[in-house]
$ cat upload_17.txt   # compact mmCIF, C-alpha atoms
# COMPACT_ATOMS: atom_id res chain seq x y z
CA MET A 4 21.25 -17.80 8.03
CA LYS A 5 19.71 -15.55 5.39
CA ILE A 6 23.02 -13.73 4.94
CA GLU A 7 24.92 -16.99 4.58
CA ILE A 8 22.57 -18.21 1.86
CA LYS A 9 23.01 -14.91 0.03
CA ARG A 10 26.79 -15.12 0.32
CA SER A 11 26.80 -18.63 -1.04
CA ILE A 12 24.66 -17.59 -4.04
CA PHE A 13 27.09 -14.79 -4.87
CA ALA A 14 30.19 -16.98 -4.39
CA THR A 15 28.77 -19.59 -6.77
CA ASN A 16 27.83 -16.90 -9.27
CA ASP A 17 31.31 -15.37 -9.09
CA GLN A 18 32.87 -18.76 -9.91
CA GLU A 19 30.51 -19.15 -12.88
CA ALA A 20 31.33 -15.60 -14.01
CA GLU A 21 35.04 -16.46 -14.07
CA ALA A 22 34.26 -19.48 -16.25
CA VAL A 23 32.28 -17.23 -18.62
CA ARG A 24 35.22 -14.82 -18.77
CA LYS A 25 37.56 -17.63 -19.80
CA LYS A 26 35.14 -18.85 -22.44
CA LEU A 27 34.74 -15.32 -23.83
CA ALA A 28 38.52 -14.84 -23.96
CA GLY A 29 38.87 -18.13 -25.85
CA LEU A 30 36.31 -16.92 -28.39
CA GLU A 31 37.93 -13.44 -28.64
CA LEU A 32 34.65 -11.87 -27.51
CA ALA A 33 33.96 -8.99 -25.14
CA ALA A 34 30.59 -9.00 -23.36
CA VAL A 35 28.39 -6.01 -22.51
CA ASN A 36 25.81 -6.46 -19.72
CA LEU A 37 22.91 -4.09 -20.51
CA LEU A 38 20.72 -3.17 -17.53
CA ALA A 39 17.58 -1.00 -17.39
CA SER A 40 13.97 -0.63 -16.25
CA PRO A 41 11.24 -2.38 -18.21
CA GLY A 42 10.57 -0.31 -21.33
CA ALA A 43 13.66 1.91 -21.18
CA GLY A 44 14.48 0.77 -24.72
CA LYS A 45 17.16 -1.91 -24.30
CA THR A 46 16.33 -3.79 -27.49
CA SER A 47 16.01 -0.54 -29.48
CA LEU A 48 19.45 0.49 -28.23
CA LEU A 49 20.93 -2.86 -29.21
CA LEU A 50 19.47 -2.64 -32.72
CA ARG A 51 21.08 0.79 -33.22
CA LEU A 52 24.45 -0.33 -31.81
CA LEU A 53 24.50 -3.57 -33.79
CA ALA A 54 24.00 -1.62 -37.03
CA LEU A 55 27.00 0.58 -36.19
CA LEU A 56 29.27 -2.22 -34.96
CA ALA A 57 28.47 -5.09 -37.34
CA PRO A 58 30.53 -3.70 -40.26
CA LYS A 59 33.58 -3.65 -37.98
CA MET A 60 33.44 -6.87 -35.97
CA ALA A 61 31.43 -9.97 -35.06
CA VAL A 62 28.31 -9.11 -33.02
CA GLY A 63 25.61 -11.16 -31.30
CA VAL A 64 23.00 -10.94 -28.57
CA ILE A 65 21.86 -12.96 -25.57
CA GLU A 66 18.32 -11.78 -24.76
CA GLY A 67 17.09 -12.17 -21.17
CA ASP A 68 13.37 -11.97 -20.43
CA VAL A 69 11.05 -13.22 -17.72
CA ALA A 70 8.83 -14.55 -20.51
CA SER A 71 8.32 -14.31 -24.29
CA SER A 72 10.72 -14.17 -27.24
CA ILE A 73 9.58 -10.80 -28.63
CA ASP A 74 12.99 -9.19 -28.24
CA ALA A 75 14.96 -12.07 -29.73
CA GLU A 76 12.60 -12.08 -32.72
CA LYS A 77 13.33 -8.37 -33.34
CA ILE A 78 17.10 -8.98 -33.26
CA LYS A 79 16.77 -12.04 -35.50
CA ALA A 80 14.57 -10.15 -37.97
CA ALA A 81 17.32 -7.53 -38.25
CA GLY A 82 19.74 -10.30 -39.24
CA TYR A 83 21.91 -10.70 -36.13
CA PRO A 84 22.73 -13.92 -34.23
CA VAL A 85 20.65 -14.14 -31.03
CA VAL A 86 19.75 -16.57 -28.24
CA GLN A 87 16.69 -16.05 -26.01
CA LEU A 88 16.90 -16.87 -22.30
CA ASN A 89 13.64 -17.00 -20.29
CA THR A 90 13.86 -16.90 -16.50
CA ASP A 91 10.21 -17.96 -15.96
CA GLY A 92 9.66 -15.42 -13.22
CA GLY A 93 13.30 -14.98 -12.21
CA CYS A 94 14.26 -11.34 -11.66
CA HIS A 95 17.82 -11.36 -13.06
CA LEU A 96 20.21 -13.33 -15.23
CA SER A 97 22.99 -15.23 -13.52
CA ALA A 98 26.40 -16.25 -14.84
CA ALA A 99 25.48 -19.95 -15.05
CA MET A 100 22.98 -19.12 -17.82
CA ILE A 101 25.58 -17.40 -20.01
CA GLY A 102 27.99 -20.26 -20.80
CA PRO A 103 25.35 -22.50 -22.45
CA ALA A 104 23.89 -19.44 -24.24
CA LEU A 105 27.34 -18.64 -25.70
CA ASP A 106 27.64 -22.25 -26.91
CA GLN A 107 24.23 -21.98 -28.55
CA LEU A 108 25.03 -18.58 -30.09
CA GLY A 109 28.14 -19.99 -31.78
CA LEU A 110 29.66 -16.53 -32.26
CA LYS A 111 33.41 -16.23 -32.80
CA GLY A 112 35.37 -13.02 -32.45
CA PRO A 113 37.00 -10.68 -32.55
CA GLY A 114 33.73 -9.03 -31.55
CA ILE A 115 31.14 -8.12 -28.95
CA VAL A 116 28.26 -10.08 -27.45
CA PHE A 117 25.53 -7.99 -25.84
CA ILE A 118 23.60 -9.49 -22.93
CA GLU A 119 20.22 -7.83 -22.45
CA ASN A 120 19.41 -8.42 -18.81
CA ILE A 121 15.92 -8.64 -17.25
CA GLY A 122 14.10 -5.27 -17.02
CA ASN A 123 14.79 -4.47 -13.39
CA LEU A 124 16.87 -1.74 -11.68
CA ILE A 125 17.55 -3.75 -8.52
CA CYS A 126 18.34 -7.47 -8.60
CA PRO A 127 20.51 -7.70 -11.77
CA ALA A 128 23.01 -5.22 -10.29
CA GLU A 129 24.28 -7.85 -7.89
CA PHE A 130 25.09 -10.58 -10.42
CA ASP A 131 28.35 -10.55 -12.38
CA LEU A 132 27.73 -12.28 -15.73
CA GLY A 133 31.40 -12.38 -16.68
CA GLU A 134 30.92 -9.18 -18.67
CA SER A 135 33.68 -6.83 -19.81
CA LEU A 136 31.54 -3.82 -18.98
CA ARG A 137 28.12 -2.73 -17.81
CA LEU A 138 25.83 -0.30 -19.57
CA VAL A 139 22.97 1.09 -17.49
CA GLU A 140 20.22 2.61 -19.64
CA ALA A 141 17.77 5.13 -18.23
CA SER A 142 15.07 6.91 -20.22
CA VAL A 143 13.71 10.44 -20.10
CA PRO A 144 10.05 9.57 -19.26
CA GLU A 145 11.21 7.59 -16.19
CA GLY A 146 12.23 10.87 -14.58
CA ASP A 147 15.51 12.36 -13.40
CA ASP A 148 15.28 10.86 -9.90
CA LYS A 149 16.17 7.27 -10.81
CA PRO A 150 19.82 7.49 -9.63
CA VAL A 151 18.64 8.64 -6.20
CA LYS A 152 16.04 5.88 -5.92
CA TYR A 153 18.09 2.98 -7.36
CA PRO A 154 21.66 3.94 -6.44
CA GLY A 155 23.11 0.42 -6.51
CA ILE A 156 22.78 -0.12 -10.23
CA PHE A 157 24.16 3.32 -11.13
CA GLN A 158 27.17 2.71 -8.89
CA THR A 159 28.12 -0.44 -10.82
CA ALA A 160 27.78 1.14 -14.30
CA ASP A 161 30.77 1.60 -16.61
CA ALA A 162 28.66 3.90 -18.76
CA ILE A 163 25.16 5.31 -18.57
CA VAL A 164 22.85 5.85 -21.54
CA VAL A 165 19.89 8.23 -21.34
CA ASN A 166 17.43 7.17 -24.04
CA LYS A 167 14.33 8.92 -25.44
CA ILE A 168 15.81 12.42 -25.39
CA ASP A 169 13.31 13.25 -28.16
CA LEU A 170 10.75 13.46 -25.29
CA LEU A 171 12.70 16.15 -23.40
CA GLY A 172 10.43 19.08 -22.60
CA GLN A 173 7.32 16.92 -22.70
CA VAL A 174 7.96 15.14 -19.39
CA GLU A 175 9.68 16.17 -16.19
CA PHE A 176 13.35 15.45 -16.75
CA ASP A 177 16.20 17.85 -16.07
CA PRO A 178 19.35 16.46 -17.78
CA GLU A 179 21.69 18.51 -15.58
CA LEU A 180 19.99 17.30 -12.41
CA PHE A 181 20.15 13.70 -13.65
CA ASN A 182 23.86 14.04 -14.44
CA SER A 183 24.67 15.59 -11.08
CA ARG A 184 22.77 12.81 -9.31
CA VAL A 185 24.77 10.21 -11.23
CA LYS A 186 28.05 11.99 -10.48
CA VAL A 187 27.52 11.73 -6.72
CA LEU A 188 27.24 7.94 -7.04
CA ASN A 189 29.69 7.28 -9.86
CA ASP A 190 32.13 9.84 -11.20
CA ARG A 191 33.94 7.56 -13.66
CA ALA A 192 31.01 6.49 -15.90
CA PRO A 193 30.37 8.72 -18.92
CA VAL A 194 26.74 9.60 -19.67
CA PHE A 195 25.56 9.31 -23.30
CA SER A 196 22.30 10.98 -24.35
CA VAL A 197 20.53 9.26 -27.23
CA SER A 198 17.23 8.81 -28.97
CA CYS A 199 16.93 5.35 -30.47
CA ARG A 200 13.66 6.38 -32.09
CA ALA A 201 15.18 9.46 -33.81
CA ASN A 202 18.56 7.70 -34.26
CA THR A 203 20.57 10.45 -32.60
CA GLY A 204 23.60 10.30 -30.32
CA LEU A 205 24.46 6.65 -31.01
CA GLU A 206 27.83 7.08 -32.78
CA PRO A 207 29.73 8.47 -29.74
CA LEU A 208 28.49 5.51 -27.68
CA ALA A 209 29.47 2.98 -30.37
CA ASP A 210 32.92 4.61 -30.66
CA TRP A 211 33.38 4.54 -26.89
CA LEU A 212 32.44 0.84 -26.78
CA ILE A 213 34.93 0.02 -29.52
CA LYS A 214 37.66 1.96 -27.71
CA GLN A 215 36.93 0.24 -24.38
CA LEU A 216 36.42 -3.26 -25.68
CA THR A 217 38.80 -3.81 -28.55
CA ARG A 218 41.88 -3.37 -26.36
CA GLY A 219 41.43 -6.83 -24.95
CA LEU A 220 40.44 -8.58 -28.20
CA MET B 18 16.32 -27.00 -0.93
CA LYS B 19 15.87 -23.76 -2.88
CA ILE B 20 12.15 -24.45 -3.27
CA GLU B 21 11.74 -25.16 0.44
CA ILE B 22 13.42 -21.88 1.39
CA LYS B 23 11.14 -20.04 -1.04
CA ARG B 24 8.06 -21.77 0.37
CA SER B 25 9.03 -20.86 3.90
CA ILE B 26 9.53 -17.18 2.94
CA PHE B 27 6.07 -17.08 1.39
CA ALA B 28 4.43 -18.93 4.31
CA THR B 29 5.91 -16.46 6.80
CA ASN B 30 4.84 -13.54 4.61
CA ASP B 31 1.30 -14.92 4.33
CA GLN B 32 1.03 -15.08 8.12
CA GLU B 33 2.24 -11.51 8.41
CA ALA B 34 -0.23 -10.45 5.69
CA GLU B 35 -3.09 -11.93 7.72
CA ALA B 36 -1.95 -9.91 10.75
CA VAL B 37 -1.89 -6.75 8.57
CA ARG B 38 -5.43 -7.55 7.38
CA LYS B 39 -6.67 -7.77 10.98
CA LYS B 40 -4.97 -4.53 11.90
CA LEU B 41 -6.47 -2.76 8.86
CA ALA B 42 -9.95 -4.08 9.70
CA GLY B 43 -9.58 -2.79 13.26
CA LEU B 44 -8.69 0.66 11.90
CA GLU B 45 -11.52 0.56 9.31
CA LEU B 46 -8.95 0.95 6.55
CA ALA B 47 -8.73 -0.68 3.13
CA ALA B 48 -5.25 -0.99 1.60
CA VAL B 49 -4.25 -0.63 -2.04
CA ASN B 50 -0.95 -2.20 -3.14
CA LEU B 51 0.37 -0.13 -6.07
CA LEU B 52 2.86 -1.90 -8.34
CA ALA B 53 4.74 -0.60 -11.39
CA SER B 54 8.07 -0.21 -13.18
CA PRO B 55 10.47 2.52 -12.03
CA GLY B 56 9.21 5.82 -13.41
CA ALA B 57 5.72 4.69 -14.47
CA GLY B 58 4.30 7.49 -12.32
CA LYS B 59 3.20 5.80 -9.09
CA THR B 60 3.61 8.88 -6.89
CA SER B 61 1.96 11.13 -9.50
CA LEU B 62 -1.00 8.72 -9.61
CA LEU B 63 -1.26 8.75 -5.82
CA LEU B 64 -1.25 12.55 -5.69
CA ARG B 65 -4.15 12.69 -8.18
CA LEU B 66 -6.14 9.96 -6.38
CA LEU B 67 -5.55 11.46 -2.93
CA ALA B 68 -6.95 14.80 -4.10
CA LEU B 69 -10.12 13.06 -5.32
CA LEU B 70 -10.57 10.79 -2.31
CA ALA B 71 -9.52 13.01 0.60
CA PRO B 72 -12.80 15.00 0.70
CA LYS B 73 -14.70 11.72 1.13
CA MET B 74 -12.64 9.64 3.55
CA ALA B 75 -9.40 9.29 5.51
CA VAL B 76 -6.39 8.74 3.22
CA GLY B 77 -2.73 8.04 3.80
CA VAL B 78 0.34 6.58 2.10
CA ILE B 79 3.10 4.11 2.88
CA GLU B 80 5.95 4.85 0.44
CA GLY B 81 8.31 2.02 -0.44
CA ASP B 82 11.67 2.80 -2.04
CA VAL B 83 15.05 1.12 -2.28
CA ALA B 84 16.56 4.42 -1.14
CA SER B 85 15.66 8.10 -0.64
CA SER B 86 12.59 9.86 0.70
CA ILE B 87 11.80 11.91 -2.43
CA ASP B 88 8.36 10.37 -2.88
CA ALA B 89 7.32 10.70 0.76
CA GLU B 90 8.36 14.35 0.69
CA LYS B 91 6.08 14.97 -2.31
CA ILE B 92 3.10 13.36 -0.54
CA LYS B 93 3.86 15.25 2.67
CA ALA B 94 4.19 18.56 0.81
CA ALA B 95 0.70 17.99 -0.62
CA GLY B 96 -0.61 17.68 2.94
CA TYR B 97 -1.29 13.94 3.31
CA PRO B 98 -0.10 11.58 6.07
CA VAL B 99 2.80 9.46 4.85
CA VAL B 100 5.44 7.05 6.11
CA GLN B 101 8.60 6.25 4.12
CA LEU B 102 9.96 2.69 4.05
CA ASN B 103 13.46 2.10 2.63
CA THR B 104 14.47 -1.44 1.73
CA ASP B 105 18.20 -0.60 1.36
CA GLY B 106 18.57 -2.65 -1.79
CA GLY B 107 15.61 -4.97 -1.22
CA CYS B 108 13.53 -5.51 -4.37
CA HIS B 109 10.03 -5.63 -2.85
CA LEU B 110 8.04 -4.75 0.25
CA SER B 111 6.97 -7.61 2.50
CA ALA B 112 4.01 -7.82 4.86
CA ALA B 113 6.17 -7.62 7.99
CA MET B 114 7.09 -4.03 7.07
CA ILE B 115 3.46 -2.87 6.85
CA GLY B 116 2.26 -3.34 10.45
CA PRO B 117 4.87 -1.03 12.01
CA ALA B 118 4.33 1.48 9.16
CA LEU B 119 0.58 1.54 9.91
CA ASP B 120 1.36 2.17 13.59
CA GLN B 121 3.63 5.05 12.60
CA LEU B 122 1.11 6.46 10.12
CA GLY B 123 -1.58 6.64 12.84
CA LEU B 124 -4.39 6.83 10.28
CA LYS B 125 -7.90 5.87 11.38
CA GLY B 126 -10.76 5.07 9.00
CA PRO B 127 -13.10 4.75 7.41
CA GLY B 128 -10.61 5.28 4.60
CA ILE B 129 -7.88 4.01 2.30
CA VAL B 130 -4.16 3.58 2.79
CA PHE B 131 -2.10 3.36 -0.39
CA ILE B 132 1.09 1.32 -0.33
CA GLU B 133 3.51 2.37 -3.08
CA ASN B 134 5.62 -0.72 -3.68
CA ILE B 135 9.22 -0.80 -4.99
CA GLY B 136 9.52 0.03 -8.72
CA ASN B 137 9.82 -3.50 -10.07
CA LEU B 138 7.52 -5.61 -12.29
CA ILE B 139 8.75 -8.95 -10.97
CA CYS B 140 9.51 -9.55 -7.29
CA PRO B 141 6.70 -7.52 -5.61
CA ALA B 142 4.06 -9.63 -7.41
CA GLU B 143 4.79 -12.57 -5.15
CA PHE B 144 4.34 -10.83 -1.79
CA ASP B 145 0.89 -10.31 -0.27
CA LEU B 146 1.01 -7.15 1.88
CA GLY B 147 -2.43 -7.72 3.40
CA GLU B 148 -3.92 -5.43 0.77
CA SER B 149 -7.59 -5.25 -0.20
CA LEU B 150 -6.66 -4.89 -3.84
CA ARG B 151 -3.77 -4.51 -6.25
CA LEU B 152 -3.32 -1.78 -8.81
CA VAL B 153 -0.73 -2.42 -11.51
CA GLU B 154 0.32 0.76 -13.29
CA ALA B 155 1.90 0.67 -16.74
CA SER B 156 2.86 3.71 -18.80
CA VAL B 157 2.71 4.45 -22.51
CA PRO B 158 6.46 5.05 -23.10
CA GLU B 159 7.25 1.62 -21.63
CA GLY B 160 5.60 0.03 -24.68
CA ASP B 161 2.59 -2.20 -25.24
CA ASP B 162 4.52 -5.44 -24.76
CA LYS B 163 4.89 -5.30 -20.98
CA PRO B 164 2.05 -7.79 -20.24
CA VAL B 165 3.73 -10.36 -22.50
CA LYS B 166 7.13 -9.85 -20.89
CA TYR B 167 6.04 -9.61 -17.24
CA PRO B 168 2.90 -11.77 -17.14
CA GLY B 169 3.00 -12.60 -13.43
CA ILE B 170 2.29 -9.11 -12.17
CA PHE B 171 -0.54 -8.50 -14.64
CA GLN B 172 -2.16 -11.79 -13.62
CA THR B 173 -2.36 -10.70 -9.97
CA ALA B 174 -3.85 -7.23 -10.72
CA ASP B 175 -7.35 -6.26 -9.61
CA ALA B 176 -7.15 -3.23 -11.91
CA ILE B 177 -4.62 -1.90 -14.39
CA VAL B 178 -3.83 1.76 -14.95
CA VAL B 179 -2.16 2.97 -18.15
CA ASN B 180 -0.51 6.31 -17.37
CA LYS B 181 1.03 8.97 -19.67
CA ILE B 182 -1.62 8.66 -22.39
CA ASP B 183 -0.71 12.25 -23.33
CA LEU B 184 2.34 10.66 -25.03
CA LEU B 185 0.25 8.41 -27.29
CA GLY B 186 1.31 8.84 -30.91
CA GLN B 187 4.79 9.95 -29.92
CA VAL B 188 6.02 6.52 -28.86
CA GLU B 189 5.20 2.99 -29.98
CA PHE B 190 2.13 2.01 -27.99
CA ASP B 191 -1.04 0.49 -29.41
CA PRO B 192 -3.76 0.68 -26.71
CA GLU B 193 -5.85 -2.07 -28.31
CA LEU B 194 -2.88 -4.41 -28.52
CA PHE B 195 -2.00 -3.66 -24.88
CA ASN B 196 -5.58 -4.38 -23.78
CA SER B 197 -5.79 -7.62 -25.72
CA ARG B 198 -2.48 -8.74 -24.22
CA VAL B 199 -3.80 -8.01 -20.72
CA LYS B 200 -7.07 -9.83 -21.46
CA VAL B 201 -5.28 -13.08 -22.26
CA LEU B 202 -3.66 -13.03 -18.82
CA ASN B 203 -6.42 -11.48 -16.75
CA ASP B 204 -9.97 -10.97 -17.96
CA ARG B 205 -11.43 -9.63 -14.72
CA ALA B 206 -9.22 -6.54 -14.18
CA PRO B 207 -10.56 -3.31 -15.72
CA VAL B 208 -8.03 -1.11 -17.55
CA PHE B 209 -8.09 2.64 -16.82
CA SER B 210 -6.30 5.04 -19.19
CA VAL B 211 -5.03 8.20 -17.51
CA SER B 212 -2.61 11.06 -17.77
CA CYS B 213 -1.46 12.21 -14.36
CA ARG B 214 0.40 15.08 -16.01
CA ALA B 215 -2.68 16.34 -17.91
CA ASN B 216 -5.04 15.25 -15.09
CA THR B 217 -7.31 13.21 -17.33
CA GLY B 218 -9.12 9.92 -16.71
CA LEU B 219 -8.63 9.89 -12.93
CA GLU B 220 -12.28 10.21 -11.80
CA PRO B 221 -13.45 6.82 -13.16
CA LEU B 222 -10.56 5.14 -11.36
CA ALA B 223 -11.29 6.97 -8.08
CA ASP B 224 -14.98 6.05 -8.37
CA TRP B 225 -14.11 2.41 -9.04
CA LEU B 226 -11.81 2.33 -5.99
CA ILE B 227 -14.53 3.79 -3.78
CA LYS B 228 -17.04 1.23 -5.08
CA GLN B 229 -14.66 -1.67 -4.53
CA LEU B 230 -13.27 -0.63 -1.19
CA THR B 231 -16.04 1.01 0.79
CA ARG B 232 -18.11 -2.16 0.89
CA GLY B 233 -15.87 -3.61 3.53
CA LEU B 234 -15.43 -0.44 5.59
$ encode --input "upload_17.txt" --output "structure tokens"
Amino acid sequence: MKIEIKRSIFATNDQEAEAVRKKLAGLELAAVNLLASPGAGKTSLLLRLLALLAPKMAVGVIEGDVASSIDAEKIKAAGYPVVQLNTDGGCHLSAAMIGPALDQLGLKGPGIVFIENIGNLICPAEFDLGESLRLVEASVPEGDDKPVKYPGIFQTADAIVVNKIDLLGQVEFDPELFNSRVKVLNDRAPVFSVSCRANTGLEPLADWLIKQLTRGL
Amino acid sequence: MKIEIKRSIFATNDQEAEAVRKKLAGLELAAVNLLASPGAGKTSLLLRLLALLAPKMAVGVIEGDVASSIDAEKIKAAGYPVVQLNTDGGCHLSAAMIGPALDQLGLKGPGIVFIENIGNLICPAEFDLGESLRLVEASVPEGDDKPVKYPGIFQTADAIVVNKIDLLGQVEFDPELFNSRVKVLNDRAPVFSVSCRANTGLEPLADWLIKQLTRGL
């Protein structure tokens, strides 16, 4: 019974994700689903990437949060188009929320729309949002054991970003151990090390995104 | 339909939580449900608290993780009784898991059993585990906006711990702003500032736990 309900939720979501994909293609937009723990620095990462990508293409953001519009306000203040989605306690975004958010955003490509998912390393992994690729962001102070403890989300990543590398040496985080733990789960996703605070390491990630995403635009 | 399913899950969990409460009372144990983001430092906090409490009473740990037994191994290596629960992708512990874990732990009071919940600021908030009180642990590098973004979990806290205060000044975190944001949601929960790494601020929290929990033992 429980399993059947779960299956039906995923089947419905998959249908909605296909509809999102069609809508994105019609708008000449690629979508990036950004997943991370609370406080890993998702919005900081987006602000750095938007600054690098905006001179080259259309960019916009769909901000997912349980509550508040703090993140959307930061993106708006920086001058980028943004729509805030609040789940009111819900632990992940689902594809059905994305279509109306794209309509509201009004962005036209060629370009990239970033979807900042709810801060959660578990539930969002299971929901396809119609994205072109998934970025999973970890951060140095969270520790190097996150891939071992939350394997599901690292397995689904197309690329992994390690943020807050300016704190290396001040907390327990062994980059080599982290990378080897990722590799066991997912040997195709590149790992990018960045500090959004110090603005280091962002260009290789932006270049990789352009290379991956502009093929289909 | 969706709401009815949700209600039934919670009703079943509440019954199981009552059974856990009876079992704990029979063993003269109080239970602490520890909730936090991935990487906030739940296991580090437990290790510090266990060292302070063990000379005074029986202590033990039920470790909840999506996968792996890394945390249980740390607790075991420090010499404390521990049982590992893996949810295999599940985003929270539920009360039905606690009874069998208590049987396996074999701890007898008077004392405290700590339940380290899954690293997640959303789903675990809704599930009573039969605990005597809830500790919600935040950490400085996660940022001072977590109460605004994840209000539900802060509302249910009996006390809040801010870990990693050794990183203050190196990341964006205003302690006064954090406290005022907590206060709006929950004006009865004290906030304890600690650094598990530097071993500072732990005694007041341990004393508070003893005061709160040994009444009923």
$ residues_around --input "upload_17.txt" --residues "Lys200 of chain B" --least-positions-apart "3" --cutoff "12 Å" --atoms "all atoms listed in the file" --output "PyMOL selection string"
chain B and resi 164-165+168+171-172+174+176-177+193-197+203-208
$ interface_residues --input "upload_17.txt" --of "chain B" --to "chain A" --cutoff "7 Å" --atoms "only C-alpha atoms" --output "PyMOL selection string"
chain B and resi 54-57+82-85+106+108+137+139-140+158-160+165-167
$ atom_distance --input "upload_17.txt" --atom1 "atom CA of Gly204 of chain A" --atom2 "atom CA of Ala75 of chain A"
24.0 Å
$ atom_distance --input "upload_17.txt" --atom1 "atom CA of Leu102 of chain B" --atom2 "atom CA of Ile115 of chain B"
9.0 Å
$ residues_around --input "upload_17.txt" --residues "Leu119 of chain B" --least-positions-apart "4" --cutoff "10 Å" --atoms "all atoms listed in the file" --output "list in words"
Val37, Lys40, Leu41, Leu44, Gly77, Val78, Ile79, Val99, Val100, Met114, Ile115, Gly123, Leu124, Lys125 and Val130 of chain B
$ atom_distance --input "upload_17.txt" --atom1 "atom CA of Ile182 of chain B" --atom2 "atom CA of Cys213 of chain B"
8.8 Å
$ residues_around --input "upload_17.txt" --residues "Asn30 of chain B" --least-positions-apart "6" --cutoff "7 Å" --atoms "all atoms listed in the file" --output "list in words"
Ser111, Ala112, Ala113 and Phe144 of chain B
$ write_last_selection --input "upload_17.txt" --atoms "C-alpha atoms" --output "mmCIF file, in the frame of the given file"
data_model
loop_
_atom_site.group_PDB
_atom_site.id
_atom_site.type_symbol
_atom_site.label_atom_id
_atom_site.label_comp_id
_atom_site.auth_asym_id
_atom_site.auth_seq_id
_atom_site.Cartn_x
_atom_site.Cartn_y
_atom_site.Cartn_z
ATOM 1 C CA SER B 111 6.970 -7.610 2.500
ATOM 2 C CA ALA B 112 4.010 -7.820 4.860
ATOM 3 C CA ALA B 113 6.170 -7.620 7.990
ATOM 4 C CA PHE B 144 4.340 -10.830 -1.790
#
$ build_atoms --input "upload_17.txt" --residues "segment 137-148 of chain B" --atoms "N, CA, C and O atoms" --output "PDB file, in the coordinates of the input"
ATOM      1  N   ASN B 137       9.311  -2.183  -9.667  1.00  0.00           N
ATOM      2  CA  ASN B 137       9.820  -3.500 -10.070  1.00  0.00           C
ATOM      3  C   ASN B 137       8.618  -4.310 -10.546  1.00  0.00           C
ATOM      4  O   ASN B 137       7.636  -4.436  -9.806  1.00  0.00           O
ATOM      5  N   LEU B 138       8.670  -4.849 -11.758  1.00  0.00           N
ATOM      6  CA  LEU B 138       7.520  -5.610 -12.290  1.00  0.00           C
ATOM      7  C   LEU B 138       7.614  -7.103 -11.979  1.00  0.00           C
ATOM      8  O   LEU B 138       6.810  -7.870 -12.485  1.00  0.00           O
ATOM      9  N   ILE B 139       8.580  -7.500 -11.163  1.00  0.00           N
ATOM     10  CA  ILE B 139       8.750  -8.950 -10.970  1.00  0.00           C
ATOM     11  C   ILE B 139       8.540  -9.339  -9.500  1.00  0.00           C
ATOM     12  O   ILE B 139       7.496  -9.875  -9.131  1.00  0.00           O
ATOM     13  N   CYS B 140       9.512  -9.027  -8.667  1.00  0.00           N
ATOM     14  CA  CYS B 140       9.510  -9.550  -7.290  1.00  0.00           C
ATOM     15  C   CYS B 140       8.289  -9.152  -6.458  1.00  0.00           C
ATOM     16  O   CYS B 140       7.761  -9.990  -5.724  1.00  0.00           O
ATOM     17  N   PRO B 141       7.806  -7.890  -6.501  1.00  0.00           N
ATOM     18  CA  PRO B 141       6.700  -7.520  -5.610  1.00  0.00           C
ATOM     19  C   PRO B 141       5.417  -8.327  -5.858  1.00  0.00           C
ATOM     20  O   PRO B 141       4.579  -8.442  -4.969  1.00  0.00           O
ATOM     21  N   ALA B 142       5.283  -8.887  -7.075  1.00  0.00           N
ATOM     22  CA  ALA B 142       4.060  -9.630  -7.410  1.00  0.00           C
ATOM     23  C   ALA B 142       3.829 -10.807  -6.476  1.00  0.00           C
ATOM     24  O   ALA B 142       2.693 -11.212  -6.245  1.00  0.00           O
ATOM     25  N   GLU B 143       4.907 -11.341  -5.920  1.00  0.00           N
ATOM     26  CA  GLU B 143       4.790 -12.570  -5.150  1.00  0.00           C
ATOM     27  C   GLU B 143       4.517 -12.355  -3.658  1.00  0.00           C
ATOM     28  O   GLU B 143       4.368 -13.312  -2.911  1.00  0.00           O
ATOM     29  N   PHE B 144       4.472 -11.088  -3.223  1.00  0.00           N
ATOM     30  CA  PHE B 144       4.340 -10.830  -1.790  1.00  0.00           C
ATOM     31  C   PHE B 144       3.034 -10.122  -1.451  1.00  0.00           C
ATOM     32  O   PHE B 144       2.843  -8.952  -1.792  1.00  0.00           O
ATOM     33  N   ASP B 145       2.143 -10.857  -0.798  1.00  0.00           N
ATOM     34  CA  ASP B 145       0.890 -10.310  -0.270  1.00  0.00           C
ATOM     35  C   ASP B 145       1.232  -9.360   0.873  1.00  0.00           C
ATOM     36  O   ASP B 145       1.955  -9.722   1.796  1.00  0.00           O
ATOM     37  N   LEU B 146       0.751  -8.127   0.800  1.00  0.00           N
ATOM     38  CA  LEU B 146       1.010  -7.150   1.880  1.00  0.00           C
ATOM     39  C   LEU B 146      -0.212  -6.987   2.785  1.00  0.00           C
ATOM     40  O   LEU B 146      -0.256  -6.064   3.599  1.00  0.00           O
ATOM     41  N   GLY B 147      -1.193  -7.878   2.627  1.00  0.00           N
ATOM     42  CA  GLY B 147      -2.430  -7.720   3.400  1.00  0.00           C
ATOM     43  C   GLY B 147      -3.376  -6.730   2.752  1.00  0.00           C
ATOM     44  O   GLY B 147      -4.337  -6.266   3.367  1.00  0.00           O
ATOM     45  N   GLU B 148      -3.131  -6.432   1.478  1.00  0.00           N
ATOM     46  CA  GLU B 148      -3.920  -5.430   0.770  1.00  0.00           C
ATOM     47  C   GLU B 148      -5.330  -5.919   0.449  1.00  0.00           C
ATOM     48  O   GLU B 148      -5.574  -7.118   0.338  1.00  0.00           O
TER      49      GLU B 148
END
